[in-house]
>>> print(open('entry-v5.csv').read())   # CSV, C-alpha atoms
chain,number,residue,atom,x,y,z
N,1028,MET,CA,77.7,-15.7,43.0
N,1029,GLY,CA,75.4,-14.3,40.4
N,1030,PHE,CA,72.0,-15.6,40.4
N,1031,PHE,CA,71.6,-16.9,44.0
N,1032,ARG,CA,73.0,-13.7,45.5
N,1033,ASN,CA,70.6,-11.7,43.4
N,1034,ILE,CA,67.7,-13.7,44.7
N,1035,PHE,CA,68.5,-13.9,48.4
N,1036,GLY,CA,71.0,-11.1,49.0
N,1037,PRO,CA,74.5,-11.7,50.4
N,1038,GLY,CA,73.5,-11.7,54.0
N,1039,SER,CA,70.4,-13.8,53.8
N,1040,LYS,CA,70.2,-17.3,55.4
N,1041,PRO,CA,69.1,-20.0,53.1
N,1042,ASP,CA,66.8,-21.5,55.7
N,1043,ALA,CA,65.1,-18.3,56.5
N,1044,ALA,CA,61.4,-18.8,56.2
N,1045,PRO,CA,61.6,-21.3,53.3
N,1046,ALA,CA,57.8,-21.7,53.2
N,1047,GLU,CA,57.4,-18.0,52.3
N,1048,LEU,CA,60.0,-18.1,49.5
N,1049,PRO,CA,58.7,-18.8,46.0
N,1050,ARG,CA,60.1,-21.9,44.3
N,1051,LEU,CA,62.5,-21.2,41.5
N,1052,THR,CA,61.9,-23.0,38.2
N,1053,ARG,CA,64.8,-24.3,36.2
N,1054,ARG,CA,64.8,-26.2,32.9
N,1055,SER,CA,67.1,-29.2,33.1
N,1056,THR,CA,68.6,-30.9,30.1
N,1057,GLY,CA,70.3,-33.4,32.4
N,1058,PHE,CA,67.0,-34.4,34.0
N,1059,HIS,CA,65.3,-34.6,30.6
N,1060,GLN,CA,68.0,-37.0,29.4
N,1061,PHE,CA,67.8,-39.0,32.7
N,1062,VAL,CA,64.0,-39.4,32.2
N,1063,ARG,CA,64.6,-40.7,28.7
N,1064,VAL,CA,66.8,-43.3,30.1
N,1065,ILE,CA,64.4,-44.5,32.8
N,1066,LEU,CA,61.3,-44.4,30.6
N,1067,ARG,CA,60.9,-48.1,30.2
N,1068,PRO,CA,57.7,-50.1,30.3
N,1069,ASP,CA,58.9,-52.3,33.1
N,1070,GLY,CA,58.9,-50.9,36.6
N,1071,GLN,CA,62.3,-49.5,37.6
N,1072,THR,CA,63.7,-49.1,41.1
N,1073,VAL,CA,64.8,-45.5,41.6
N,1074,LEU,CA,66.7,-44.0,44.5
N,1075,ASP,CA,66.2,-40.3,45.3
N,1076,LEU,CA,68.9,-39.0,47.6
N,1077,GLY,CA,67.3,-35.7,48.3
N,1078,PRO,CA,64.9,-34.7,51.0
N,1079,THR,CA,61.4,-36.2,50.9
N,1080,SER,CA,59.5,-34.6,48.0
N,1081,ALA,CA,55.9,-35.4,47.2
N,1082,ALA,CA,56.4,-34.1,43.7
N,1083,ASN,CA,59.2,-36.5,43.1
N,1084,ILE,CA,57.3,-39.4,44.5
N,1085,THR,CA,54.3,-38.5,42.4
N,1086,TYR,CA,56.4,-38.2,39.2
N,1087,LEU,CA,58.4,-41.4,39.6
N,1088,THR,CA,55.6,-43.6,40.8
N,1089,GLY,CA,53.5,-42.2,38.0
N,1090,LEU,CA,56.0,-43.6,35.6
N,1091,GLY,CA,55.4,-47.0,37.2
N,1092,HIS,CA,58.6,-47.0,39.2
N,1093,ARG,CA,59.2,-48.1,42.7
N,1094,THR,CA,60.8,-45.1,44.5
N,1095,TYR,CA,63.3,-45.2,47.4
N,1096,ASN,CA,64.0,-42.0,49.3
N,1097,GLU,CA,67.0,-41.4,51.5
N,1098,ASP,CA,68.1,-37.9,52.5
N,1099,ILE,CA,71.8,-38.6,53.0
N,1100,LEU,CA,72.8,-35.0,53.5
N,1101,ALA,CA,70.5,-34.7,56.5
N,1102,ALA,CA,72.0,-38.0,57.8
N,1103,ALA,CA,75.6,-36.9,57.2
N,1104,ASN,CA,75.0,-33.5,58.9
N,1105,SER,CA,72.9,-34.9,61.7
N,1106,GLY,CA,75.8,-34.9,64.1
N,1107,ARG,CA,75.5,-38.6,64.7
N,1108,PHE,CA,78.7,-39.3,62.8
N,1109,ALA,CA,80.9,-36.5,64.1
N,1110,LEU,CA,84.0,-37.8,65.9
N,1111,PRO,CA,84.4,-36.2,69.3
N,1112,GLY,CA,87.7,-34.5,69.9
N,1113,ALA,CA,88.7,-34.8,66.2
N,1114,GLU,CA,92.1,-33.3,65.3
N,1115,PRO,CA,92.0,-30.3,63.0
N,1116,ASP,CA,93.8,-32.3,60.3
N,1117,GLY,CA,92.4,-35.7,61.2
N,1118,PRO,CA,89.1,-37.4,60.3
N,1119,ARG,CA,86.1,-35.5,61.5
N,1120,PHE,CA,83.5,-38.1,60.8
N,1121,ASP,CA,83.0,-41.8,61.3
N,1122,VAL,CA,82.4,-42.7,57.7
N,1123,GLU,CA,82.3,-46.4,58.4
N,1124,ARG,CA,79.4,-45.9,60.7
N,1125,PHE,CA,77.7,-43.5,58.3
N,1126,LEU,CA,77.7,-46.2,55.6
N,1127,ALA,CA,76.7,-48.9,58.1
N,1128,GLU,CA,73.5,-46.9,58.9
N,1129,ASP,CA,72.8,-45.3,55.5
N,1130,LEU,CA,72.7,-46.4,51.9
N,1131,GLN,CA,72.2,-49.9,53.2
N,1132,TYR,CA,70.9,-51.8,50.2
N,1133,ALA,CA,71.8,-55.1,48.5
N,1134,PRO,CA,74.3,-54.8,45.7
N,1135,GLU,CA,72.8,-53.9,42.3
N,1136,THR,CA,69.4,-52.9,43.7
N,1137,PHE,CA,68.7,-49.7,41.7
N,1138,ASP,CA,68.1,-49.0,38.1
N,1139,ALA,CA,68.5,-45.3,38.6
N,1140,VAL,CA,69.9,-42.9,41.2
N,1141,ILE,CA,69.2,-39.2,41.5
N,1142,MET,CA,72.0,-37.6,43.5
N,1143,TRP,CA,71.0,-34.0,42.9
N,1144,ASP,CA,73.9,-31.8,44.2
N,1145,VAL,CA,74.7,-34.0,47.2
N,1146,CYS,CA,78.4,-34.3,46.4
N,1147,ASP,CA,78.9,-30.5,46.7
N,1148,TYR,CA,77.5,-30.5,50.3
N,1149,LEU,CA,78.7,-33.7,51.8
N,1150,PRO,CA,81.7,-33.5,54.2
N,1151,GLU,CA,84.9,-34.2,52.2
N,1152,GLU,CA,85.7,-37.6,53.7
N,1153,MET,CA,82.3,-38.9,52.9
N,1154,VAL,CA,82.2,-38.1,49.2
N,1155,LYS,CA,84.3,-40.9,47.7
N,1156,PRO,CA,83.0,-43.7,50.0
N,1157,THR,CA,79.4,-42.5,49.2
N,1158,VAL,CA,80.0,-42.6,45.5
N,1159,GLU,CA,81.6,-46.1,45.9
N,1160,ARG,CA,78.6,-47.3,47.8
N,1161,ILE,CA,76.2,-45.9,45.2
N,1162,TYR,CA,78.2,-47.7,42.5
N,1163,ARG,CA,77.8,-50.9,44.5
N,1164,ILE,CA,74.1,-50.7,45.0
N,1165,ALA,CA,73.4,-49.6,41.4
N,1166,LYS,CA,72.7,-52.2,38.8
N,1167,PRO,CA,75.0,-52.4,35.7
N,1168,GLU,CA,73.9,-49.8,33.2
N,1169,ALA,CA,72.0,-47.9,35.9
N,1170,ALA,CA,71.6,-44.2,35.3
N,1171,LEU,CA,72.8,-41.6,37.8
N,1172,LEU,CA,72.0,-37.9,37.7
N,1173,ALA,CA,74.2,-35.5,39.6
N,1174,PHE,CA,74.5,-31.7,39.8
N,1175,PHE,CA,77.6,-29.8,40.5
N,1176,HIS,CA,78.2,-26.1,41.2
N,1177,SER,CA,80.8,-24.3,39.3
N,1178,ARG,CA,83.3,-22.1,41.0
N,1179,GLU,CA,81.3,-19.0,39.9
N,1180,ALA,CA,78.4,-20.2,42.1
N,1181,GLY,CA,80.3,-18.8,45.1
N,1182,ALA,CA,81.1,-20.3,48.5
N,1183,ASP,CA,77.7,-19.4,50.0
N,1184,ALA,CA,75.6,-20.9,47.3
N,1185,PRO,CA,72.5,-22.0,49.2
N,1186,HIS,CA,71.4,-25.6,49.4
N,1187,TYR,CA,68.2,-26.4,47.5
N,1188,ARG,CA,65.7,-29.1,47.5
N,1189,TYR,CA,64.8,-30.2,44.0
N,1190,HIS,CA,61.2,-31.0,43.1
N,1191,ILE,CA,60.4,-32.6,39.7
N,1192,LYS,CA,57.8,-30.5,37.9
N,1193,ASP,CA,57.8,-32.3,34.6
N,1194,GLU,CA,60.4,-34.1,32.4
N,1195,ASN,CA,62.0,-30.8,31.5
N,1196,THR,CA,61.6,-28.7,34.6
N,1197,LEU,CA,62.7,-28.7,38.2
N,1198,GLU,CA,61.5,-26.5,41.0
N,1199,LEU,CA,64.1,-25.4,43.6
N,1200,GLN,CA,63.1,-24.7,47.2
N,1201,THR,CA,65.5,-23.4,49.8
N,1202,GLY,CA,66.6,-26.3,51.8
N,1203,ALA,CA,68.5,-26.9,55.1
N,1204,PRO,CA,71.4,-24.5,55.6
N,1205,PHE,CA,74.2,-26.9,54.6
N,1206,PRO,CA,77.3,-25.0,53.5
N,1207,LEU,CA,78.8,-25.7,50.1
N,1208,GLN,CA,81.9,-27.8,50.8
N,1209,ARG,CA,83.7,-27.5,47.5
N,1210,THR,CA,83.3,-27.1,43.8
N,1211,PHE,CA,84.4,-29.8,41.4
N,1212,GLN,CA,86.1,-29.3,38.1
N,1213,ASN,CA,85.1,-31.7,35.3
N,1214,ARG,CA,88.2,-33.7,35.7
N,1215,HIS,CA,87.6,-34.2,39.4
N,1216,ILE,CA,84.1,-35.4,38.6
N,1217,GLU,CA,85.4,-37.8,36.0
N,1218,LYS,CA,87.9,-39.1,38.6
N,1219,LEU,CA,85.3,-39.4,41.3
N,1220,PHE,CA,83.0,-41.5,39.0
N,1221,GLN,CA,85.8,-43.3,37.2
N,1222,ASN,CA,84.2,-46.7,37.7
N,1223,PHE,CA,81.2,-45.6,35.8
N,1224,THR,CA,81.2,-46.6,32.1
N,1225,ALA,CA,79.8,-43.4,30.6
N,1226,ILE,CA,79.6,-39.7,31.6
N,1227,LYS,CA,78.0,-36.8,29.9
N,1228,PHE,CA,78.1,-33.2,31.0
N,1229,PHE,CA,75.3,-30.7,30.4
N,1230,LEU,CA,75.9,-27.0,31.0
N,1231,GLY,CA,73.1,-26.1,33.3
N,1232,LYS,CA,71.9,-22.6,34.3
N,1233,GLU,CA,72.8,-20.6,37.3
N,1234,ASN,CA,76.4,-22.0,37.5
N,1235,ILE,CA,75.3,-25.6,37.8
N,1236,SER,CA,76.7,-28.5,35.7
N,1237,GLU,CA,74.4,-31.4,35.2
N,1238,VAL,CA,76.0,-34.8,34.8
N,1239,LEU,CA,74.4,-38.0,33.6
N,1240,LEU,CA,76.4,-41.2,34.3
N,1241,VAL,CA,75.9,-44.8,33.4
N,1242,ARG,CA,77.1,-47.4,35.9
W,268,MET,CA,45.8,-31.9,63.6
W,269,GLU,CA,42.8,-34.2,63.7
W,270,GLN,CA,40.0,-33.4,66.1
W,271,TYR,CA,39.6,-35.9,68.9
W,272,ARG,CA,36.6,-38.1,68.0
W,273,ALA,CA,34.7,-39.8,70.8
W,274,ASP,CA,33.7,-42.7,68.5
W,275,VAL,CA,37.3,-43.6,67.8
W,276,ALA,CA,39.3,-45.9,70.0
W,277,HIS,CA,42.0,-43.9,71.6
W,278,ILE,CA,45.4,-45.0,73.0
W,279,GLY,CA,46.9,-42.2,75.1
W,280,LYS,CA,50.4,-41.0,75.1
W,281,SER,CA,51.3,-42.7,78.4
W,282,VAL,CA,50.3,-46.1,77.1
W,283,ILE,CA,53.0,-48.6,76.0
W,284,ILE,CA,52.0,-51.7,74.2
W,285,LYS,CA,54.3,-54.6,73.3
W,286,GLY,CA,52.9,-57.2,71.0
W,287,GLU,CA,50.1,-57.6,68.5
W,288,LEU,CA,47.5,-54.8,68.2
W,289,SER,CA,44.5,-55.6,66.1
W,290,GLY,CA,40.9,-54.4,66.0
W,291,SER,CA,37.8,-53.8,64.0
W,292,GLU,CA,37.3,-50.1,64.6
W,293,ASP,CA,39.2,-46.9,63.9
W,294,LEU,CA,42.1,-46.1,66.2
W,295,TYR,CA,43.9,-43.0,67.3
W,296,LEU,CA,47.3,-43.9,68.7
W,297,ASP,CA,49.3,-41.4,70.7
W,298,GLY,CA,51.3,-43.9,72.7
W,299,GLU,CA,54.0,-46.4,72.0
W,300,VAL,CA,53.6,-49.7,70.2
W,301,GLU,CA,56.3,-52.3,69.7
W,302,GLY,CA,55.1,-55.3,67.6
W,303,ASN,CA,52.5,-55.3,64.9
W,304,ILE,CA,49.4,-53.2,64.2
W,305,ASP,CA,46.7,-54.7,62.1
W,306,LEU,CA,43.4,-52.8,61.4
W,307,VAL,CA,42.8,-54.1,58.0
W,308,SER,CA,39.5,-52.5,57.2
W,309,HIS,CA,39.8,-49.5,59.5
W,310,SER,CA,41.7,-46.2,59.8
W,311,LEU,CA,44.7,-45.6,62.0
W,312,VAL,CA,45.9,-42.2,63.1
W,313,ILE,CA,49.3,-42.1,64.8
W,314,GLY,CA,49.3,-38.9,66.8
W,315,PRO,CA,52.1,-36.5,67.4
W,316,ASN,CA,53.2,-38.3,70.5
W,317,GLY,CA,52.8,-41.7,68.8
W,318,ARG,CA,56.0,-43.8,68.6
W,319,VAL,CA,55.6,-47.1,66.7
W,320,ARG,CA,58.2,-49.7,66.2
W,321,ALA,CA,56.1,-52.1,64.3
W,322,ASN,CA,54.8,-53.1,60.9
W,323,VAL,CA,51.5,-51.3,60.4
W,324,LYS,CA,48.5,-52.4,58.3
W,325,ALA,CA,45.2,-50.5,58.0
W,326,LYS,CA,42.8,-49.2,55.4
W,327,ASP,CA,44.0,-45.7,55.9
W,328,VAL,CA,47.1,-44.7,57.8
W,329,LEU,CA,47.7,-41.1,58.9
W,330,ILE,CA,51.0,-40.4,60.6
W,331,HIS,CA,51.9,-37.3,62.8
W,332,GLY,CA,54.4,-39.2,65.0
W,333,LYS,CA,57.3,-41.5,64.4
W,334,VAL,CA,57.2,-45.0,62.9
W,335,ASP,CA,60.0,-47.5,62.4
W,336,GLY,CA,58.5,-50.2,60.3
W,337,ASN,CA,56.7,-50.9,57.1
W,338,VAL,CA,53.4,-49.3,56.5
W,339,VAL,CA,50.6,-50.8,54.5
W,340,GLY,CA,47.7,-48.5,53.8
W,341,LEU,CA,45.2,-50.5,51.7
W,342,GLU,CA,43.7,-47.3,50.4
W,343,LYS,CA,45.8,-44.4,51.6
W,344,VAL,CA,48.9,-43.4,53.5
W,345,GLU,CA,49.3,-39.8,54.7
W,346,LEU,CA,52.4,-38.3,56.2
W,347,LYS,CA,51.9,-35.0,58.0
W,348,LYS,CA,54.7,-32.5,58.4
W,349,SER,CA,55.7,-33.8,61.8
W,350,ALA,CA,55.9,-37.4,60.6
W,351,VAL,CA,59.1,-39.4,60.7
W,352,LEU,CA,58.9,-42.7,58.9
W,353,ASN,CA,61.7,-45.2,58.6
W,354,GLY,CA,60.3,-48.0,56.6
W,355,ASP,CA,58.6,-49.0,53.3
W,356,ILE,CA,55.2,-47.8,52.2
W,357,PHE,CA,52.8,-50.0,50.3
W,358,THR,CA,49.6,-48.3,49.3
W,359,GLN,CA,47.3,-47.1,46.5
W,360,ARG,CA,47.5,-43.5,47.3
W,361,ILE,CA,50.0,-41.4,49.3
W,362,VAL,CA,49.8,-37.8,50.6
W,363,ILE,CA,53.0,-36.2,52.0
W,364,GLU,CA,53.1,-32.8,53.6
W,365,ASP,CA,56.1,-30.7,53.1
W,366,GLY,CA,58.5,-31.3,56.1
W,367,ALA,CA,57.7,-34.9,56.6
W,368,PHE,CA,60.8,-37.2,56.9
W,369,PHE,CA,60.7,-40.4,55.1
W,370,LYS,CA,63.4,-43.0,54.6
W,371,GLY,CA,62.4,-46.1,52.7
W,372,SER,CA,60.6,-47.2,49.5
W,373,ILE,CA,57.2,-46.4,48.1
W,374,ASP,CA,55.3,-49.0,46.2
W,375,ILE,CA,52.1,-47.8,44.7
W,376,ARG,CA,49.9,-50.8,44.1
W,377,LYS,CA,46.3,-51.5,43.1
W,378,THR,CA,46.2,-54.8,44.9
W,379,GLU,CA,47.1,-55.8,48.5
W,380,PRO,CA,50.8,-56.3,48.8
W,381,LYS,CA,52.7,-59.1,50.3
W,382,PRO,CA,54.3,-58.5,53.6
W,383,ALA,CA,57.9,-57.3,53.3
W,384,GLN,CA,60.8,-57.1,55.7
W,385,ALA,CA,61.6,-54.0,57.6
W,386,HIS,CA,63.7,-51.5,55.6
W,387,GLY,CA,66.3,-51.1,58.3
W,388,ALA,CA,67.7,-54.6,58.0
W,389,PRO,CA,71.3,-54.5,56.9
W,390,ALA,CA,71.8,-55.0,53.2
W,391,ALA,CA,68.4,-56.5,53.0
W,392,PRO,CA,67.5,-57.1,49.4
W,393,ALA,CA,64.8,-54.8,48.1
W,394,SER,CA,61.4,-56.3,47.6
W,395,PRO,CA,60.9,-57.4,44.1
W,396,VAL,CA,59.4,-54.9,41.7
W,397,ALA,CA,55.9,-55.7,40.7
W,398,PRO,CA,55.9,-56.5,36.9
W,399,SER,CA,54.6,-53.8,34.5
W,400,LEU,CA,52.3,-52.0,36.8
W,401,PRO,CA,49.9,-49.7,35.1
W,402,LEU,CA,49.7,-47.6,38.2
W,403,GLY,CA,46.8,-45.4,38.9
W,404,GLY,CA,48.0,-44.2,42.3
W,405,ALA,CA,49.3,-40.8,43.0
W,406,ALA,CA,51.2,-38.9,45.6
W,407,GLU,CA,49.9,-35.5,46.5
W,408,LYS,CA,51.5,-32.5,48.0
W,409,LYS,CA,49.5,-30.7,50.6
>>> encode(input="entry-v5.csv", output="structure tokens")
Amino acid sequence: MGFFRNIFGPGSKPDAAPAELPRLTRRSTGFHQFVRVILRPDGQTVLDLGPTSAANITYLTGLGHRTYNEDILAAANSGRFALPGAEPDGPRFDVERFLAEDLQYAPETFDAVIMWDVCDYLPEEMVKPTVERIYRIAKPEAALLAFFHSREAGADAPHYRYHIKDENTLELQTGAPFPLQRTFQNRHIEKLFQNFTAIKFFLGKENISEVLLVR
Amino acid sequence: MEQYRADVAHIGKSVIIKGELSGSEDLYLDGEVEGNIDLVSHSLVIGPNGRVRANVKAKDVLIHGKVDGNVVGLEKVELKKSAVLNGDIFTQRIVIEDGAFFKGSIDIRKTEPKPAQAHGAPAAPASPVAPSLPLGGAAEKK
């Protein structure tokens, strides 16, 4: 549990008075590498899958890019897609409807996608279809940045919103109280993104792996 | 929240408008509008009770309420913390308060954009990216 438990304590709720909590600062090699990929003179189309962040919009539009924002964790956890009367071992979510209402873009729309740690907090049955949809809407050679908790992060690792501070640094702000659904091992990540042509792992701080992928 | 100003046209929260809404003065909208809103050289404030299902175009657009549609702010678009916007934003400058919900694209431009289709259309192709924009716009966190 380490870092997060030290900050918030074992009994604290991640959504407790987020405005009063200071933002944590984290250097991010993965993000730095991602920025190097998207630093091109022509305007890129970038999809940010985290909650709306003025800092991220400022940074990405400042690079001359067109920015799309879609908070898919909020959508997935909105209750709109929960199947009533779901069996304990059966499907709990209407994934088809989720993908009919969210991530609705033409194929090969995006030059880059920032997933943050969405995969760790998405309901299990939404993970693979979501990654497949992202593959479809990303252009060939598009860059994708994703973060994954390691097992050491602990089951109650709080969900964070990520704000871009600069090309090396992210700020973390306590987000909605979504529970960590799972942790991926590297081979699981490779399998999940097996259609992508390249994958590079960066060992991040605070039990986070940063992964840069190329579509 | 903005103070009520007597010199600004006001549409109250019980008013529902379907169709084209245009004008040549600033407008405070706290009701419902379905259609289009065009106040090219004036300011539009969508109040906390405002519910807009329309493409919106004004010099400045300040949103407290809910908008489903594209928003063109020729100079500035501002989303307050209670704002919910499903649509694309075209503007020179954007201000977003922490807590605002936004689903769509943001295109910071120096010149007036061409109209675009609503974001929610299924598998609608994204509007083309403006070529090599030396963008001077900025988003601000409040």
>>> atom_distance(input="entry-v5.csv", atom1="atom CA of N:His1190", atom2="atom CA of N:Thr1094")
14.2 Å
>>> residues_near_point(input="entry-v5.csv", point="(61.2, -36.5, 53.8)", cutoff="6 Å", atoms="only C-alpha atoms", output="MDAnalysis selection string")
(chainID N and resid 1078:1079) or (chainID W and resid 367:369)
>>> write_last_selection(input="entry-v5.csv", atoms="C-alpha atoms", output="PDB file, in the coordinates of the input")
ATOM      1  CA  PRO N1078      64.900 -34.700  51.000  1.00  0.00           C
ATOM      2  CA  THR N1079      61.400 -36.200  50.900  1.00  0.00           C
TER       3      THR N1079
ATOM      4  CA  ALA W 367      57.700 -34.900  56.600  1.00  0.00           C
ATOM      5  CA  PHE W 368      60.800 -37.200  56.900  1.00  0.00           C
ATOM      6  CA  PHE W 369      60.700 -40.400  55.100  1.00  0.00           C
TER       7      PHE W 369
END
>>> atom_distance(input="entry-v5.csv", atom1="atom CA of N:Thr1056", atom2="atom CA of N:Lys1227")
11.1 Å
>>> residues_around(input="entry-v5.csv", residues="W:Leu306", least_positions_apart="4", cutoff="10 Å", atoms="all atoms listed in the file", output="compact mmCIF listing (two decimals) with C-alpha atoms, keeping the file's coordinate frame")
# COMPACT_ATOMS: atom_id res chain seq x y z
CA LEU W 288 47.50 -54.80 68.20
CA SER W 289 44.50 -55.60 66.10
CA GLY W 290 40.90 -54.40 66.00
CA SER W 291 37.80 -53.80 64.00
CA GLU W 292 37.30 -50.10 64.60
CA ASP W 293 39.20 -46.90 63.90
CA LEU W 294 42.10 -46.10 66.20
CA SER W 310 41.70 -46.20 59.80
CA LEU W 311 44.70 -45.60 62.00
CA VAL W 323 51.50 -51.30 60.40
CA LYS W 324 48.50 -52.40 58.30
CA ALA W 325 45.20 -50.50 58.00
CA LYS W 326 42.80 -49.20 55.40
CA ASP W 327 44.00 -45.70 55.90
CA VAL W 328 47.10 -44.70 57.80
CA GLY W 340 47.70 -48.50 53.80
>>> closest_atom_pairs(input="entry-v5.csv", of="chain N", to="chain W", cutoff="10 Å", atoms="all atoms listed in the file", output="tab-separated table")
residue	atom	partner	partner_atom	distance
N:Ala1046	CA	W:Asp365	CA	9.2
N:Arg1067	CA	W:Ser399	CA	9.5
N:Pro1068	CA	W:Ser399	CA	6.4
N:Asp1069	CA	W:Ser399	CA	4.8
N:Gly1070	CA	W:Ser399	CA	5.6
N:Gln1071	CA	W:Val396	CA	7.4
N:Thr1072	CA	W:Val396	CA	7.2
N:Val1073	CA	W:Ser372	CA	9.1
N:Leu1074	CA	W:Ser372	CA	8.5
N:Asp1075	CA	W:Ser372	CA	9.8
N:Leu1076	CA	W:Lys370	CA	9.8
N:Pro1078	CA	W:Phe368	CA	7.6
N:Thr1079	CA	W:Phe369	CA	6.0
N:Ser1080	CA	W:Asp365	CA	7.3
N:Ala1081	CA	W:Lys408	CA	5.3
N:Ala1082	CA	W:Lys408	CA	6.7
N:Asn1083	CA	W:Ala406	CA	8.7
N:Ile1084	CA	W:Ala406	CA	6.2
N:Thr1085	CA	W:Ala406	CA	4.5
N:Tyr1086	CA	W:Ala406	CA	8.3
N:Leu1087	CA	W:Ala406	CA	9.7
N:Thr1088	CA	W:Ile375	CA	6.7
N:Gly1089	CA	W:Leu402	CA	6.6
N:Leu1090	CA	W:Leu402	CA	7.9
N:Gly1091	CA	W:Leu402	CA	5.8
N:His1092	CA	W:Asp374	CA	8.0
N:Arg1093	CA	W:Asp374	CA	5.3
N:Thr1094	CA	W:Ile373	CA	5.3
N:Tyr1095	CA	W:Ser372	CA	4.0
N:Asn1096	CA	W:Lys370	CA	5.4
N:Glu1097	CA	W:Lys370	CA	5.0
N:Asp1098	CA	W:Lys370	CA	7.2
N:Ile1099	CA	W:Lys370	CA	9.6
N:Ala1127	CA	W:Pro389	CA	7.9
N:Glu1128	CA	W:Pro389	CA	8.2
N:Asp1129	CA	W:Gly387	CA	9.2
N:Leu1130	CA	W:Ala390	CA	8.7
N:Gln1131	CA	W:Ala390	CA	5.1
N:Tyr1132	CA	W:Ala390	CA	4.5
N:Ala1133	CA	W:Ala390	CA	4.7
N:Pro1134	CA	W:Ala390	CA	7.9
N:Glu1135	CA	W:Pro392	CA	9.4
N:Thr1136	CA	W:Ala393	CA	6.6
N:Phe1137	CA	W:Ala393	CA	9.1
N:Ile1164	CA	W:Ala390	CA	9.5
>>> atom_distance(input="entry-v5.csv", atom1="atom CA of W:Arg318", atom2="atom CA of W:Gln359")
24.0 Å
>>> residues_around(input="entry-v5.csv", residues="stretch 1102-1111 of chain N", least_positions_apart="4", cutoff="9 Å", atoms="all atoms listed in the file", output="mmCIF file with C-alpha atoms, in the coordinates of the input")
data_model
loop_
_atom_site.group_PDB
_atom_site.id
_atom_site.type_symbol
_atom_site.label_atom_id
_atom_site.label_comp_id
_atom_site.auth_asym_id
_atom_site.auth_seq_id
_atom_site.Cartn_x
_atom_site.Cartn_y
_atom_site.Cartn_z
ATOM 1 C CA GLU N 1097 67.000 -41.400 51.500
ATOM 2 C CA ASP N 1098 68.100 -37.900 52.500
ATOM 3 C CA PRO N 1118 89.100 -37.400 60.300
ATOM 4 C CA ARG N 1119 86.100 -35.500 61.500
ATOM 5 C CA PHE N 1120 83.500 -38.100 60.800
ATOM 6 C CA ASP N 1121 83.000 -41.800 61.300
ATOM 7 C CA VAL N 1122 82.400 -42.700 57.700
ATOM 8 C CA ARG N 1124 79.400 -45.900 60.700
ATOM 9 C CA PHE N 1125 77.700 -43.500 58.300
ATOM 10 C CA ASP N 1129 72.800 -45.300 55.500
ATOM 11 C CA LEU N 1149 78.700 -33.700 51.800
ATOM 12 C CA PRO N 1150 81.700 -33.500 54.200
ATOM 13 C CA MET N 1153 82.300 -38.900 52.900
ATOM 14 C CA PHE N 1205 74.200 -26.900 54.600
#
>>> residues_around(input="entry-v5.csv", residues="W:Leu329", least_positions_apart="3", cutoff="7 Å", atoms="only C-alpha atoms", output="number ranges by chain")
W: 311-313, 344-346
>>> residues_around(input="entry-v5.csv", residues="stretch 1212-1222 of chain N", least_positions_apart="2", cutoff="7 Å", atoms="all atoms listed in the file", output="PyMOL selection string")
chain N and resi 1155+1210+1224
